[in-house]
$ cat final.txt   # compact mmCIF, C-alpha atoms
# COMPACT_ATOMS: atom_id res chain seq x y z
CA MET A 1 -194.41 -4.92 -145.46
CA PRO A 2 -191.42 -2.71 -144.57
CA TYR A 3 -190.14 -0.25 -147.13
CA THR A 4 -186.52 -1.28 -146.53
CA SER A 5 -184.51 -4.18 -145.10
CA LYS A 6 -182.06 -4.76 -142.27
CA GLU A 7 -179.40 -5.48 -144.88
CA ALA A 8 -179.96 -2.16 -146.64
CA VAL A 9 -179.76 -0.28 -143.32
CA ARG A 10 -176.58 -2.13 -142.35
CA ASN A 11 -175.00 -1.54 -145.77
CA LEU A 12 -175.73 2.18 -145.61
CA SER A 13 -174.82 2.73 -141.98
CA GLY A 14 -171.91 0.33 -141.69
CA LEU A 15 -173.35 -0.86 -138.37
CA THR A 16 -172.73 -4.53 -137.55
CA ALA A 17 -174.94 -7.01 -135.70
CA THR A 18 -172.47 -6.76 -132.82
CA GLU A 19 -173.09 -3.01 -132.54
CA ILE A 20 -176.89 -3.16 -132.89
CA GLY A 21 -179.08 -6.26 -132.96
CA ASP A 22 -181.41 -7.23 -135.79
CA SER A 23 -184.53 -6.77 -133.67
CA ILE A 24 -183.54 -3.17 -132.89
CA VAL A 25 -182.79 -2.45 -136.57
CA GLU A 26 -186.22 -3.87 -137.46
CA GLU A 27 -187.79 -1.65 -134.78
CA MET A 28 -186.01 1.39 -136.25
CA ILE A 29 -187.27 0.44 -139.74
CA ASP A 30 -190.80 0.28 -138.33
CA HIS A 31 -190.39 3.75 -136.79
CA ALA A 32 -188.96 5.10 -140.05
CA ASP A 33 -191.83 3.70 -142.12
CA LYS A 34 -194.43 5.12 -139.74
CA GLU A 35 -192.79 8.54 -139.87
CA ILE A 36 -192.69 8.47 -143.67
CA GLU A 37 -196.40 7.62 -143.75
CA GLN A 38 -197.19 10.31 -141.19
CA ILE A 39 -195.32 13.14 -142.88
CA THR A 40 -196.40 12.21 -146.42
CA GLU A 41 -199.92 11.30 -145.28
CA LYS A 42 -199.78 8.18 -147.45
CA VAL A 43 -199.24 4.46 -147.16
CA TRP A 44 -196.94 3.64 -150.08
CA THR A 45 -197.82 0.59 -152.16
CA GLY A 46 -196.30 1.25 -155.60
CA GLN A 47 -199.60 0.26 -157.17
CA GLN A 48 -201.59 2.25 -159.66
CA LEU A 49 -203.12 5.41 -158.33
CA LYS A 50 -205.97 7.50 -159.72
CA GLU A 51 -205.41 11.14 -158.83
CA LEU A 52 -207.38 14.31 -159.41
CA LEU A 53 -204.80 16.70 -160.85
CA GLY A 54 -207.06 19.68 -160.62
CA ILE A 55 -209.91 21.66 -162.04
CA GLN A 56 -209.04 23.82 -165.02
CA LYS A 57 -209.08 27.49 -163.94
CA SER A 58 -207.36 29.17 -166.89
CA SER A 59 -207.96 29.22 -170.61
CA ARG A 60 -204.17 28.95 -171.09
CA ASN A 61 -203.11 26.16 -168.68
CA LYS A 62 -202.07 23.02 -170.54
CA THR A 63 -199.77 21.53 -167.86
CA PHE A 64 -200.80 19.43 -164.87
CA ARG A 65 -198.54 17.76 -162.30
CA THR A 66 -198.95 14.56 -160.34
CA LEU A 67 -198.44 14.51 -156.61
CA TYR A 68 -195.87 11.69 -156.84
CA LYS A 69 -193.02 11.31 -159.26
CA PRO A 70 -191.46 9.79 -161.25
CA ILE A 71 -194.20 8.02 -163.17
CA VAL A 72 -193.10 4.47 -163.99
CA ASP A 73 -194.14 1.56 -166.19
CA GLU A 74 -195.02 -1.96 -164.99
CA GLN A 75 -191.31 -2.79 -164.54
CA GLY A 76 -190.68 0.28 -162.38
CA ASN A 77 -188.78 2.23 -165.05
CA THR A 78 -189.42 5.96 -165.44
CA THR A 79 -191.51 6.41 -168.57
CA ASP A 80 -192.61 9.11 -171.01
CA ASP A 81 -194.86 6.61 -172.83
CA GLU A 82 -198.35 8.12 -172.85
CA THR A 83 -199.90 4.64 -173.17
CA LYS A 84 -198.64 3.78 -169.66
CA VAL A 85 -201.05 6.25 -168.04
CA THR A 86 -204.75 6.97 -168.41
CA VAL A 87 -205.83 10.61 -168.48
CA TYR A 88 -209.41 11.77 -168.03
CA VAL A 89 -211.02 15.16 -168.63
CA ASP A 90 -214.46 15.31 -167.01
CA THR A 91 -214.42 11.48 -166.72
CA VAL A 92 -213.79 11.06 -170.48
CA GLN A 93 -210.64 9.07 -171.22
CA GLN A 94 -208.24 11.00 -173.44
CA ALA A 95 -206.40 9.44 -176.38
CA SER A 96 -202.65 9.19 -175.80
CA ASN A 97 -202.00 11.65 -178.65
CA LYS A 98 -203.94 14.39 -176.80
CA PHE A 99 -201.19 14.94 -174.23
CA GLU A 100 -197.46 14.56 -173.63
CA LEU A 101 -196.17 12.65 -170.60
CA ARG A 102 -192.98 13.70 -168.83
CA GLY A 103 -192.65 10.88 -166.35
CA ALA A 104 -189.53 12.05 -164.52
CA GLU A 105 -191.25 15.35 -163.73
CA GLY A 106 -194.68 13.83 -163.00
CA LYS A 107 -196.21 16.09 -165.61
CA ILE A 108 -198.72 15.91 -168.44
CA ILE A 109 -199.02 18.62 -171.07
CA PHE A 110 -202.19 18.73 -173.15
CA THR A 111 -201.96 19.54 -176.85
CA THR A 112 -205.25 21.47 -176.49
CA THR A 113 -206.17 23.33 -173.30
CA PRO A 114 -208.99 21.65 -171.34
CA SER A 115 -212.11 23.78 -170.98
CA ILE A 116 -212.62 26.01 -167.93
CA ASP A 117 -213.92 24.04 -164.90
CA ALA A 118 -212.92 20.69 -166.46
CA GLU A 119 -211.69 18.08 -163.96
CA VAL A 120 -208.40 16.47 -164.96
CA GLU A 121 -207.50 13.05 -163.56
CA ILE A 122 -204.74 10.56 -164.23
CA THR A 123 -204.16 6.91 -163.38
CA TYR A 124 -200.46 6.10 -163.07
CA ARG A 125 -197.79 4.10 -161.26
CA TYR A 126 -195.16 5.75 -159.10
CA ASP A 127 -191.67 4.58 -158.19
CA MET A 128 -191.07 2.91 -154.81
CA LYS A 129 -187.24 3.17 -154.93
CA PRO A 130 -187.17 6.68 -153.42
CA ILE A 131 -189.44 5.53 -150.57
CA GLN A 132 -187.13 2.59 -149.95
CA ALA A 133 -184.14 4.95 -149.91
CA ALA A 134 -185.87 7.39 -147.54
CA SER A 135 -186.78 4.55 -145.18
CA THR A 136 -183.20 3.25 -145.23
CA PHE A 137 -181.77 6.71 -144.47
CA LEU A 138 -184.27 7.33 -141.69
CA ALA A 139 -183.84 3.89 -140.09
CA ALA A 140 -180.04 4.37 -140.15
CA ALA A 141 -180.49 7.77 -138.49
CA TYR A 142 -182.63 6.16 -135.79
CA CYS A 143 -180.01 3.45 -135.25
CA PHE A 144 -177.33 6.06 -134.68
CA HIS A 145 -179.67 7.97 -132.37
CA ARG A 146 -180.44 4.80 -130.41
CA LEU A 147 -176.74 4.06 -130.02
CA ALA A 148 -175.91 7.71 -129.26
CA LYS A 149 -172.97 6.94 -131.53
CA SER A 150 -172.67 9.73 -134.07
CA GLU A 151 -174.91 12.77 -134.01
CA GLU A 152 -173.33 13.92 -137.28
CA LYS A 153 -174.29 10.71 -139.14
CA GLU A 154 -177.75 10.77 -137.56
CA LYS A 155 -178.37 14.33 -138.85
CA LEU A 156 -176.89 13.53 -142.28
CA PHE A 157 -179.06 10.43 -142.77
CA LYS A 158 -182.19 12.20 -141.54
CA ALA A 159 -181.56 15.15 -143.88
CA SER A 160 -181.03 12.73 -146.78
CA ALA A 161 -184.34 11.01 -146.01
CA MET A 162 -186.23 14.32 -145.96
CA GLU A 163 -184.58 15.48 -149.20
CA THR A 164 -185.53 12.21 -150.91
CA LEU A 165 -189.16 12.63 -149.82
CA ARG A 166 -189.16 16.25 -150.95
CA GLN A 167 -187.90 15.28 -154.40
CA ILE A 168 -190.58 12.70 -155.06
CA THR A 169 -193.48 14.67 -153.66
CA SER A 170 -192.39 18.23 -154.48
CA HIS A 171 -193.17 19.16 -150.86
CA THR A 172 -190.96 20.28 -148.00
CA PHE A 173 -191.25 18.16 -144.87
CA ALA A 174 -190.10 19.04 -141.40
CA SER A 175 -188.87 16.24 -139.23
CA THR A 176 -191.42 15.05 -136.70
CA ARG A 177 -188.97 13.32 -134.43
$ encode --input "final.txt" --output "structure tokens"
Amino acid sequence: MPYTSKEAVRNLSGLTATEIGDSIVEEMIDHADKEIEQITEKVWTGQQLKELLGIQKSSRNKTFRTLYKPIVDEQGNTTDDETKVTVYVDTVQQASNKFELRGAEGKIIFTTTPSIDAEVEITYRYDMKPIQAASTFLAAAYCFHRLAKSEEKEKLFKASAMETLRQITSHTFASTR
């Protein structure tokens, strides 16, 4: 299933069906989605994800970060509700009062430092809206490239897509196209 729609690409880009056909827009969406998956090394589903946050290396580290952010509830709203995630230390589920969740930052902060060499895992949901936005920006950029219409808009949309991906993953991505 595509991460964005023809309508979203048209709304963002202002391109009409007369300027670029639906089948070409759909092709550009497909290219955008494949590039997002290639550069993030992930197929995005919006489902729950169990992630190893790390192995405790310091007697002082109480903070662990998720790879994807923000953390959301079942309705897709950013949440700080500790009951909306499941945290494990060495496969033992932690009570929700043993840590603080900062969903917007993709961060958990333990009240007591996990022991050295402890494995910390979390099961959580992540927000698909940024992926949808990145796909829309990138598909719009590809449409402008295909039309050779506006190099400035193409660069702007591509930069916006990469910035959106950087914000949700905390990584810097170079364009692959």
$ residues_near_point --input "final.txt" --point "(-209.8, 13.4, -160.0)" --cutoff "9 Å" --atoms "all atoms listed in the file" --output "list in words"
Lys50, Glu51, Leu52, Leu53, Gly54, Ile55, Tyr88, Val89, Asp90, Thr91, Glu119, Val120, Glu121 and Ile122 of chain A
$ closest_residue --input "final.txt" --among "A:Thr136, A:Thr111, A:Thr66, A:Ser96" --to "Pro2 of chain A" --atoms "only C-alpha atoms"
A:Thr136
$ closest_atom_pairs --input "final.txt" --of "segment 45-118 of chain A" --to "segment 152-167 of chain A" --cutoff "10 Å" --atoms "only C-alpha atoms" --output "JSON lines"
{"residue": "A:Tyr68", "atom": "CA", "partner": "A:Gln167", "partner_atom": "CA", "distance": 9.1}
{"residue": "A:Lys69", "atom": "CA", "partner": "A:Gln167", "partner_atom": "CA", "distance": 8.1}
{"residue": "A:Pro70", "atom": "CA", "partner": "A:Gln167", "partner_atom": "CA", "distance": 9.5}
{"residue": "A:Glu105", "atom": "CA", "partner": "A:Gln167", "partner_atom": "CA", "distance": 9.9}
$ residues_around --input "final.txt" --residues "Ser59 of chain A" --least-positions-apart "6" --cutoff "10 Å" --atoms "all atoms listed in the file" --output "number ranges by chain"
A: 113-117
$ atom_distance --input "final.txt" --atom1 "atom CA of Ser135 of chain A" --atom2 "atom CA of Lys84 of chain A"
27.2 Å
$ closest_residue --input "final.txt" --among "A:Leu49, A:Met1, A:Val9, A:Ala139" --to "Arg125 of chain A" --atoms "all atoms listed in the file"
A:Leu49
$ closest_residue --input "final.txt" --among "A:Thr40, A:Thr112, A:Ile168, A:Lys62" --to "Ala133 of chain A" --atoms "only C-alpha atoms"
A:Ile168
$ closest_residue --input "final.txt" --among "A:Asn11, A:Thr83, A:Ser23, A:Gln38" --to "Tyr124 of chain A" --atoms "all atoms listed in the file"
A:Thr83
$ atom_distance --input "final.txt" --atom1 "atom CA of Gln93 of chain A" --atom2 "atom CA of Val43 of chain A"
27.0 Å
$ residues_around --input "final.txt" --residues "Glu19 of chain A" --least-positions-apart "4" --cutoff "12 Å" --atoms "all atoms listed in the file" --output "ChimeraX atom specification"
/A:10,13-15,24-25,143-144,146-149
$ write_last_selection --input "final.txt" --atoms "C-alpha atoms" --output "JSON list (two decimals), in the frame of the given file"
[["chain", "number", "residue", "atom", "x", "y", "z"],
["A", 10, "ARG", "CA", -176.58, -2.13, -142.35],
["A", 13, "SER", "CA", -174.82, 2.73, -141.98],
["A", 14, "GLY", "CA", -171.91, 0.33, -141.69],
["A", 15, "LEU", "CA", -173.35, -0.86, -138.37],
["A", 24, "ILE", "CA", -183.54, -3.17, -132.89],
["A", 25, "VAL", "CA", -182.79, -2.45, -136.57],
["A", 143, "CYS", "CA", -180.01, 3.45, -135.25],
["A", 144, "PHE", "CA", -177.33, 6.06, -134.68],
["A", 146, "ARG", "CA", -180.44, 4.80, -130.41],
["A", 147, "LEU", "CA", -176.74, 4.06, -130.02],
["A", 148, "ALA", "CA", -175.91, 7.71, -129.26],
["A", 149, "LYS", "CA", -172.97, 6.94, -131.53]]
$ atom_distance --input "final.txt" --atom1 "atom CA of Glu100 of chain A" --atom2 "atom CA of Gln47 of chain A"
21.9 Å
$ closest_residue --input "final.txt" --among "A:Asn97, A:Thr45, A:Asn61, A:Gln132" --to "Ala118 of chain A" --atoms "all atoms listed in the file"
A:Asn61
$ closest_residue --input "final.txt" --among "A:Ser5, A:Ala32, A:Leu101, A:Glu26" --to "Leu138 of chain A" --atoms "all atoms listed in the file"
A:Ala32
